[in-house]
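One file, my_file_0.txt, carrying compact mmCIF, C-alpha atoms:
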# COMPACT_ATOMS: atom_id res chain seq x y z
CA MET A 1 79.16 162.88 -52.79
CA HIS A 2 79.37 160.45 -49.89
CA ALA A 3 82.52 158.31 -49.82
CA LEU A 4 80.49 155.13 -50.14
CA ALA A 5 78.82 156.27 -53.36
CA ALA A 6 81.75 154.96 -55.42
CA CYS A 7 82.58 151.96 -53.26
CA GLY A 8 81.65 149.36 -55.87
CA CYS A 9 80.42 147.18 -53.02
CA GLY A 10 76.62 147.43 -53.15
CA VAL A 11 74.38 144.40 -53.77
CA ASP A 12 71.26 145.14 -55.84
CA VAL A 13 68.56 142.47 -55.63
CA HIS A 14 65.97 144.18 -57.86
CA ALA A 15 66.99 144.66 -61.50
CA HIS A 16 65.38 143.41 -64.67
CA VAL A 17 66.19 141.78 -67.99
CA ILE A 18 64.44 141.75 -71.34
CA PRO A 19 66.11 139.84 -74.17
CA HIS A 20 66.97 141.51 -77.47
CA ASP A 21 64.58 139.11 -79.23
CA PHE A 22 62.09 136.39 -78.39
CA PRO A 23 61.93 133.08 -80.26
CA ASP A 24 58.87 131.94 -82.13
CA CYS A 25 56.50 129.89 -80.05
CA LEU A 26 56.74 126.20 -80.78
CA GLY A 27 53.48 125.39 -82.51
CA SER A 28 51.35 126.40 -85.46
CA ALA A 29 50.84 130.01 -84.37
CA ALA A 30 51.91 132.37 -81.60
CA PRO A 31 49.25 132.44 -78.88
CA ALA A 32 47.79 135.63 -77.46
CA GLY A 33 50.24 137.16 -75.02
CA TRP A 34 53.42 135.81 -76.63
CA PRO A 35 55.93 138.71 -76.64
CA SER A 36 58.12 139.95 -79.46
CA MET A 37 60.53 142.82 -80.01
CA ALA A 38 60.43 145.55 -82.65
CA PRO A 39 62.99 148.22 -83.54
CA ALA A 40 62.62 151.66 -81.95
CA HIS A 41 64.94 154.65 -81.87
CA ALA A 42 68.68 154.33 -81.29
CA CYS A 43 69.65 151.71 -78.69
CA HIS A 44 65.97 151.03 -77.89
CA ARG A 45 63.40 148.41 -78.82
CA HIS A 46 59.65 148.04 -78.33
CA VAL A 47 58.32 145.12 -76.28
CA MET A 48 55.29 144.05 -78.30
CA ILE A 49 52.45 142.06 -76.73
CA ASP A 50 49.29 141.30 -78.73
CA GLY A 51 50.35 143.77 -81.39
CA LYS A 52 50.71 146.68 -78.96
CA ASN A 53 53.78 148.39 -77.58
CA TYR A 54 53.85 147.32 -73.94
CA ARG A 55 57.05 149.24 -73.15
CA THR A 56 59.97 150.82 -74.99
CA VAL A 57 63.26 149.82 -73.40
CA SER A 58 66.96 150.49 -73.86
CA ASP A 59 69.73 148.05 -74.71
CA LYS A 60 70.76 148.04 -71.05
CA CYS A 61 67.99 145.44 -70.66
CA TRP A 62 70.01 142.86 -72.63
CA SER A 63 73.57 144.20 -72.92
CA THR A 64 75.74 142.87 -70.11
CA THR A 65 78.52 145.30 -71.06
CA LYS A 66 76.33 148.40 -70.87
CA ARG A 67 74.74 147.22 -67.62
CA LEU A 68 78.10 146.72 -65.94
CA ALA A 69 79.28 150.13 -67.17
CA ASP A 70 76.71 151.75 -64.87
CA PHE A 71 77.88 149.93 -61.74
CA ASP A 72 80.50 152.48 -60.75
CA GLU A 73 78.11 155.42 -60.70
CA MET A 74 75.53 153.36 -58.80
CA GLY A 75 78.11 152.09 -56.31
CA LEU A 76 77.35 148.45 -57.11
CA GLY A 77 79.54 145.38 -57.04
CA LEU A 78 76.85 142.76 -57.63
CA GLN A 79 73.37 142.70 -59.14
CA ALA A 80 70.67 140.03 -59.19
CA ILE A 81 68.82 140.13 -62.51
CA SER A 82 65.27 138.89 -63.07
CA PRO A 83 62.75 139.09 -65.92
CA MET A 84 60.57 142.11 -66.50
CA PRO A 85 57.55 141.00 -64.44
CA GLU A 86 55.04 141.04 -67.30
CA LEU A 87 57.15 138.30 -68.93
CA LEU A 88 56.29 135.87 -66.12
CA SER A 89 53.19 135.27 -68.27
CA TYR A 90 51.09 133.18 -65.87
CA TRP A 91 48.10 133.76 -68.16
CA LEU A 92 49.62 131.71 -71.00
CA ALA A 93 48.72 128.06 -71.41
CA PRO A 94 51.08 126.07 -69.15
CA ALA A 95 53.12 124.39 -71.89
CA VAL A 96 53.50 127.71 -73.71
CA GLY A 97 54.43 129.56 -70.53
CA ALA A 98 57.03 126.90 -69.78
CA GLN A 99 58.66 127.52 -73.18
CA LEU A 100 58.84 131.25 -72.57
CA VAL A 101 60.33 131.14 -69.08
CA ARG A 102 62.85 128.49 -70.13
CA TYR A 103 64.11 130.91 -72.77
CA LEU A 104 64.20 133.77 -70.25
CA ASN A 105 66.12 131.67 -67.76
CA GLU A 106 68.68 130.69 -70.36
CA GLN A 107 69.14 134.33 -71.38
CA ILE A 108 69.66 135.31 -67.74
CA ALA A 109 72.20 132.51 -67.30
CA LEU A 110 74.04 133.73 -70.41
CA MET A 111 74.28 137.27 -69.03
CA VAL A 112 75.53 135.90 -65.71
CA SER A 113 78.24 133.95 -67.54
CA GLU A 114 79.32 137.12 -69.38
CA SER A 115 79.57 139.24 -66.23
CA SER A 116 82.79 137.99 -64.59
CA GLY A 117 80.93 137.31 -61.37
CA ARG A 118 79.15 140.68 -61.15
CA LEU A 119 75.68 139.34 -61.99
CA VAL A 120 73.64 136.53 -60.47
CA GLY A 121 70.32 135.29 -61.74
CA LEU A 122 66.76 135.06 -60.46
CA GLY A 123 64.79 132.93 -62.88
CA ALA A 124 61.09 132.41 -63.58
CA VAL A 125 58.77 129.41 -63.42
CA PRO A 126 55.34 128.72 -64.95
CA LEU A 127 53.37 128.85 -61.70
CA GLN A 128 50.10 128.37 -63.60
CA ASP A 129 51.06 124.68 -63.50
CA MET A 130 52.69 123.39 -60.33
CA ASP A 131 54.29 120.31 -61.88
CA LEU A 132 55.93 122.38 -64.62
CA ALA A 133 56.97 125.02 -62.11
CA LEU A 134 58.70 122.47 -59.89
CA LYS A 135 60.45 120.98 -62.92
CA GLU A 136 61.74 124.42 -63.95
CA LEU A 137 62.94 125.11 -60.40
CA GLN A 138 65.21 122.08 -60.68
CA HIS A 139 66.58 123.39 -63.99
CA ILE A 140 67.11 126.86 -62.51
CA ARG A 141 69.19 125.46 -59.66
CA HIS A 142 70.93 122.42 -61.10
CA GLY A 143 70.94 123.16 -64.84
CA LEU A 144 71.65 126.88 -64.89
CA GLY A 145 73.10 127.60 -61.46
CA LEU A 146 70.80 130.55 -60.74
CA VAL A 147 70.41 131.61 -57.11
CA GLY A 148 66.70 132.27 -56.92
CA VAL A 149 63.38 132.89 -58.60
CA GLU A 150 61.15 135.90 -59.19
CA ILE A 151 57.39 135.50 -58.74
CA GLY A 152 54.44 137.83 -59.14
CA SER A 153 52.52 139.36 -56.26
CA ASN A 154 49.63 137.15 -57.35
CA ILE A 155 49.37 134.13 -59.60
CA ASN A 156 46.39 134.85 -61.83
CA GLY A 157 44.66 136.27 -58.77
CA VAL A 158 45.85 133.64 -56.29
CA PRO A 159 47.62 135.36 -53.36
CA ILE A 160 51.02 134.04 -52.43
CA GLY A 161 49.86 133.10 -48.94
CA ASP A 162 47.43 130.59 -50.45
CA LEU A 163 48.09 126.98 -49.47
CA ARG A 164 47.93 125.95 -53.12
CA LEU A 165 51.39 127.46 -53.60
CA ASP A 166 52.96 125.54 -50.73
CA PRO A 167 54.63 122.90 -52.95
CA PHE A 168 56.49 125.71 -54.72
CA PHE A 169 57.72 127.31 -51.50
CA GLU A 170 58.66 123.91 -50.08
CA ALA A 171 60.78 123.25 -53.18
CA CYS A 172 62.45 126.68 -52.97
CA GLU A 173 63.31 125.99 -49.35
CA ALA A 174 64.72 122.56 -50.20
CA LEU A 175 66.74 123.89 -53.16
CA ASP A 176 68.01 126.89 -51.16
CA LEU A 177 66.60 129.32 -53.73
CA ALA A 178 65.77 132.91 -52.83
CA VAL A 179 62.26 134.13 -53.78
CA PHE A 180 61.76 137.72 -54.94
CA VAL A 181 58.14 138.95 -55.07
CA HIS A 182 57.36 141.68 -57.60
CA ALA A 183 54.06 143.38 -58.33
CA LEU A 184 52.23 141.96 -61.32
CA ARG A 185 48.86 142.92 -62.85
CA PRO A 186 47.81 144.60 -59.63
CA THR A 187 44.35 144.88 -58.19
CA GLY A 188 42.68 148.28 -57.90
CA MET A 189 43.44 149.60 -61.37
CA ASP A 190 39.80 150.66 -61.71
CA ARG A 191 40.29 153.07 -58.78
CA LEU A 192 43.12 155.06 -60.38
CA VAL A 193 42.53 158.35 -62.19
CA GLY A 194 45.28 159.33 -64.58
CA PRO A 195 47.71 157.93 -67.16
CA ALA A 196 48.92 154.35 -67.46
CA PRO A 197 52.21 154.78 -65.51
CA LEU A 198 50.13 155.11 -62.33
CA GLN A 199 50.03 151.32 -62.39
CA GLN A 200 53.72 151.27 -61.51
CA VAL A 201 53.56 154.30 -59.24
CA LEU A 202 50.50 153.52 -57.11
CA ALA A 203 49.05 150.10 -57.85
CA TYR A 204 52.30 148.14 -57.63
CA PRO A 205 52.99 149.01 -53.97
CA SER A 206 49.38 148.25 -53.09
CA ASP A 207 49.52 144.77 -54.59
CA VAL A 208 52.90 144.01 -53.01
CA GLY A 209 51.55 145.05 -49.62
CA LEU A 210 48.55 142.76 -50.01
CA ALA A 211 50.81 139.93 -51.17
CA ALA A 212 53.01 140.28 -48.09
CA ALA A 213 49.95 140.52 -45.85
CA SER A 214 48.60 137.29 -47.34
CA ALA A 215 51.87 135.58 -46.45
CA LEU A 216 51.47 136.81 -42.86
CA THR A 217 47.83 135.87 -42.41
CA GLY A 218 48.51 132.59 -44.22
CA ASN A 219 51.37 131.77 -41.79
CA LEU A 220 53.75 131.11 -44.70
CA MET A 221 56.97 131.42 -42.69
CA LEU A 222 55.69 129.18 -39.91
CA ARG A 223 55.36 126.39 -42.46
CA HIS A 224 58.63 127.23 -44.23
CA PRO A 225 60.97 128.77 -41.65
CA ARG A 226 64.08 128.44 -43.86
CA LEU A 227 62.48 130.21 -46.82
CA ARG A 228 64.23 133.41 -47.94
CA ILE A 229 61.53 135.60 -49.44
CA ALA A 230 61.77 139.29 -50.32
CA PHE A 231 59.16 141.88 -51.25
CA SER A 232 59.89 144.63 -53.75
CA HIS A 233 59.26 148.37 -53.32
CA GLY A 234 59.94 148.26 -49.61
CA GLY A 235 57.10 145.82 -49.07
CA GLY A 236 54.67 148.28 -50.61
CA THR A 237 51.88 149.24 -48.23
CA LEU A 238 52.72 146.53 -45.68
CA ALA A 239 54.32 148.94 -43.20
CA MET A 240 51.02 150.82 -42.93
CA LEU A 241 48.96 147.64 -42.70
CA LEU A 242 50.94 146.02 -39.89
CA PRO A 243 49.65 148.21 -37.02
CA ARG A 244 46.09 147.50 -38.12
CA LEU A 245 46.79 143.77 -38.21
CA GLU A 246 48.31 143.87 -34.74
CA GLN A 247 45.35 145.78 -33.30
CA ALA A 248 42.93 143.46 -35.05
CA MET A 249 44.50 140.45 -33.34
CA SER A 250 43.11 141.74 -30.03
CA VAL A 251 39.70 142.60 -31.49
CA PHE A 252 38.67 139.73 -33.77
CA PRO A 253 38.80 136.22 -32.26
CA ALA A 254 38.68 134.59 -35.70
CA LEU A 255 41.82 136.44 -36.74
CA ARG A 256 43.56 135.60 -33.47
CA GLU A 257 42.79 131.92 -34.05
CA SER A 258 43.93 131.84 -37.69
CA VAL A 259 47.12 133.93 -37.46
CA GLN A 260 49.43 131.78 -35.39
CA ARG A 261 52.13 134.34 -34.61
CA SER A 262 52.31 138.13 -34.30
CA PRO A 263 52.13 139.69 -37.79
CA THR A 264 54.97 142.06 -36.93
CA GLU A 265 57.14 139.21 -35.70
CA GLN A 266 56.45 137.30 -38.90
CA ALA A 267 57.11 140.39 -41.03
CA ARG A 268 60.57 140.69 -39.53
CA SER A 269 61.48 137.34 -41.11
CA PHE A 270 60.82 138.67 -44.65
CA TYR A 271 63.33 140.65 -46.68
CA TYR A 272 62.51 143.96 -48.40
CA ASP A 273 64.24 146.17 -50.90
CA THR A 274 65.03 149.84 -50.27
CA LEU A 275 63.22 151.17 -53.35
CA VAL A 276 61.03 153.80 -51.66
CA PHE A 277 62.64 157.07 -52.87
CA ASP A 278 62.35 158.71 -49.45
CA THR A 279 64.75 158.86 -46.50
CA PRO A 280 62.16 159.04 -43.67
CA THR A 281 60.31 156.08 -45.17
CA LEU A 282 63.52 154.07 -45.42
CA GLN A 283 64.37 154.92 -41.81
CA HIS A 284 60.91 153.79 -40.72
CA LEU A 285 61.22 150.48 -42.59
CA VAL A 286 64.55 149.75 -40.92
CA GLN A 287 63.02 150.49 -37.52
CA LEU A 288 59.91 148.39 -38.24
CA PHE A 289 61.37 145.38 -40.06
CA GLY A 290 64.90 145.41 -38.67
CA ALA A 291 68.28 146.45 -40.01
CA THR A 292 68.95 142.84 -41.05
CA GLN A 293 66.02 142.70 -43.51
CA LEU A 294 66.47 145.65 -45.90
CA MET A 295 68.68 145.52 -49.00
CA ILE A 296 69.29 147.53 -52.14
CA GLY A 297 66.68 147.44 -54.89
CA THR A 298 66.91 149.71 -57.94
CA ASP A 299 64.45 148.54 -60.65
CA TYR A 300 67.36 149.07 -63.10
CA PRO A 301 67.38 149.75 -66.03
CA PHE A 302 63.86 151.15 -66.35
CA ASN A 303 63.25 154.89 -66.24
CA PHE A 304 61.59 154.70 -62.82
CA HIS A 305 64.64 153.41 -60.96
CA ASP A 306 67.03 154.50 -58.22
CA ALA A 307 70.20 155.63 -59.99
CA ARG A 308 72.30 156.12 -56.82
CA PRO A 309 71.12 153.55 -54.28
CA VAL A 310 74.32 153.32 -52.25
CA GLN A 311 74.55 157.08 -51.94
CA ARG A 312 70.90 157.24 -50.84
CA ILE A 313 71.52 154.73 -48.04
CA ALA A 314 74.81 156.33 -47.04
CA GLN A 315 73.12 159.70 -46.62
CA ALA A 316 70.20 158.35 -44.54
CA GLY A 317 72.01 158.79 -41.24
CA PHE A 318 72.41 155.15 -40.23
CA ASP A 319 75.46 154.07 -38.29
CA ALA A 320 78.25 152.24 -40.09
CA GLY A 321 77.02 148.79 -39.09
CA VAL A 322 73.47 149.35 -40.36
CA THR A 323 74.76 150.94 -43.56
CA GLN A 324 76.96 147.92 -44.21
CA GLN A 325 74.00 145.61 -43.73
CA LEU A 326 71.71 147.51 -46.09
CA VAL A 327 74.33 148.11 -48.77
CA GLN A 328 75.86 144.64 -48.87
CA ALA A 329 75.46 142.04 -46.13
CA ASN A 330 71.69 141.57 -46.22
CA GLY A 331 71.62 141.20 -49.99
CA LEU A 332 74.34 138.57 -49.95
CA ARG A 333 72.54 136.65 -47.21
CA PHE A 334 69.21 136.79 -49.07
CA LEU A 335 70.86 135.51 -52.25
CA GLY A 336 72.58 132.71 -50.33
CA LEU A 337 76.07 133.98 -51.19
CA PRO A 338 79.12 134.00 -48.90
CA ALA A 339 79.88 137.20 -47.05
CA THR A 340 83.29 137.12 -48.76
CA THR A 341 81.75 137.44 -52.25
CA LEU A 342 82.61 141.15 -52.34
CA ASN A 343 85.14 143.37 -50.63
CA PRO A 344 83.69 144.88 -47.45
CA LEU A 345 82.60 148.50 -47.31
CA PRO A 346 85.41 151.03 -46.76
Produce structure tokens that represent the structure in this file.
Amino acid sequence: MHALAACGCGVDVHAHVIPHDFPDCLGSAAPAGWPSMAPAHACHRHVMIDGKNYRTVSDKCWSTTKRLADFDEMGLGLQAISPMPELLSYWLAPAVGAQLVRYLNEQIALMVSESSGRLVGLGAVPLQDMDLALKELQHIRHGLGLVGVEIGSNINGVPIGDLRLDPFFEACEALDLAVFVHALRPTGMDRLVGPAPLQQVLAYPSDVGLAAASALTGNLMLRHPRLRIAFSHGGGTLAMLLPRLEQAMSVFPALRESVQRSPTEQARSFYYDTLVFDTPTLQHLVQLFGATQLMIGTDYPFNFHDARPVQRIAQAGFDAGVTQQLVQANGLRFLGLPATTLNPLP
């Protein structure tokens, strides 16, 4: 095992929370899509949506103690926790969605308070209604002290590069909140052949790549240069799309007129997690996006997660400076935390 594997110094920006229970919806009856929990086998519960088992999860989703107990093996010192993406619930009526994410945010804040400084929180907002979303952003920052917000790769089909979302990004910039983009109800499901988990395996990276591309072609960072925005799963397919976008800039005048800065240059202002499960791919992403833009992502505590993220980076052949950036420094900078938050790498 590499010496860094047990350093306890890694910063994980991609980890999820599901509460042990959900409250009843305020109103006469629970609307379609309101989640609940049901008992499963030992230490597990079923996430129930519309009477069906959406996912069976372990108590590591809600137990701060059990979550922290895994830090040593993973090499972590700090973890940013965010809701399971399906719980963002943009398809609920706005007032109902606002109730749900308020509860999620309060549960995240509670886990942060129990963690002795080893957890920080990325909340959720009801982006199906901009006024309610902006109100919840204020509560996330000033009421709960969370450091950022998780959003879906699309908002009921609206890509994140769409100008309609600009008030949200402007507020995140003003409040100094990090934005973490996670795949949600991805496009292309009708093109997959095989069992349901292929949504996570294949469709998630596709939707994240399209989301990041929409931010590039929509010139998001030119309008919000101080925005700290990260894309999960290594940016998905974006690394393969970028060369095509660059070539297209010299071929299509309309694209050259609408995209105001090189797509690759813009892409190097985004952050990305390292959750790609492959050393050559990780090396390519560092070369393409820059050693300052990649940071640990694990998808903990779901089954399809990286159980030894620090070890994986340490064994990728980077020099000590790049390793330090990927394991710790970039994550702290993305989250807006001081470099002195954790002990430096050995």
>> List the spatial neighbours of His16 of chain A as number ranges by chain - criterion: any atom at most 7 Å away, only C-alpha atoms, same-chain residues fewer than 4 positions off excluded.
In response: A: 61, 81-84, 299-301
>> Taking 4 positions as the minimum chain separation for residues in the same chain, which residues sit within 8 Å of segment 159-169 of chain A when counting only C-alpha atoms? Answer as a PyMOL selection string.
In response: chain A and resi 130+133-134+153-155+173+211-212+214-220+224+227
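Around Ser116 of chain A, within 12 Å and counting only C-alpha atoms, the residues found are Thr64, Thr65, Leu68, Gly77, Leu78, Gln79, Leu110, Met111, Val112 and Val120 of chain A, once anything fewer than 4 positions away on its own chain is removed.
The coordinates place atom CA of Glu150 of chain A at 11.0 Å from atom CA of Leu137 of chain A.
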Dump as JSON lines the rows for residues of segment 173-235 of chain A within 9 Å of segment 141-145 of chain A: closest atom pair and distance in Å with one decimal, all atoms listed in the file counted, ordered by chain and rising residue number.
{"residue": "A:Leu175", "atom": "CA", "partner": "A:Arg141", "partner_atom": "CA", "distance": 7.1}
{"residue": "A:Asp176", "atom": "CA", "partner": "A:Arg141", "partner_atom": "CA", "distance": 8.7}
{"residue": "A:Leu177", "atom": "CA", "partner": "A:Arg141", "partner_atom": "CA", "distance": 7.5}
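Neighbouring residues of Asp273 of chain A at 6 Å or closer, counting all atoms listed in the file and skipping chain neighbours under 6 positions away, are Ser232, His233, Gly234, Leu294, Met295, Ile296 and Gly297 of chain A.
The space separating atom CA of Pro23 of chain A from atom CA of Pro197 of chain A comes to 28.0 Å.
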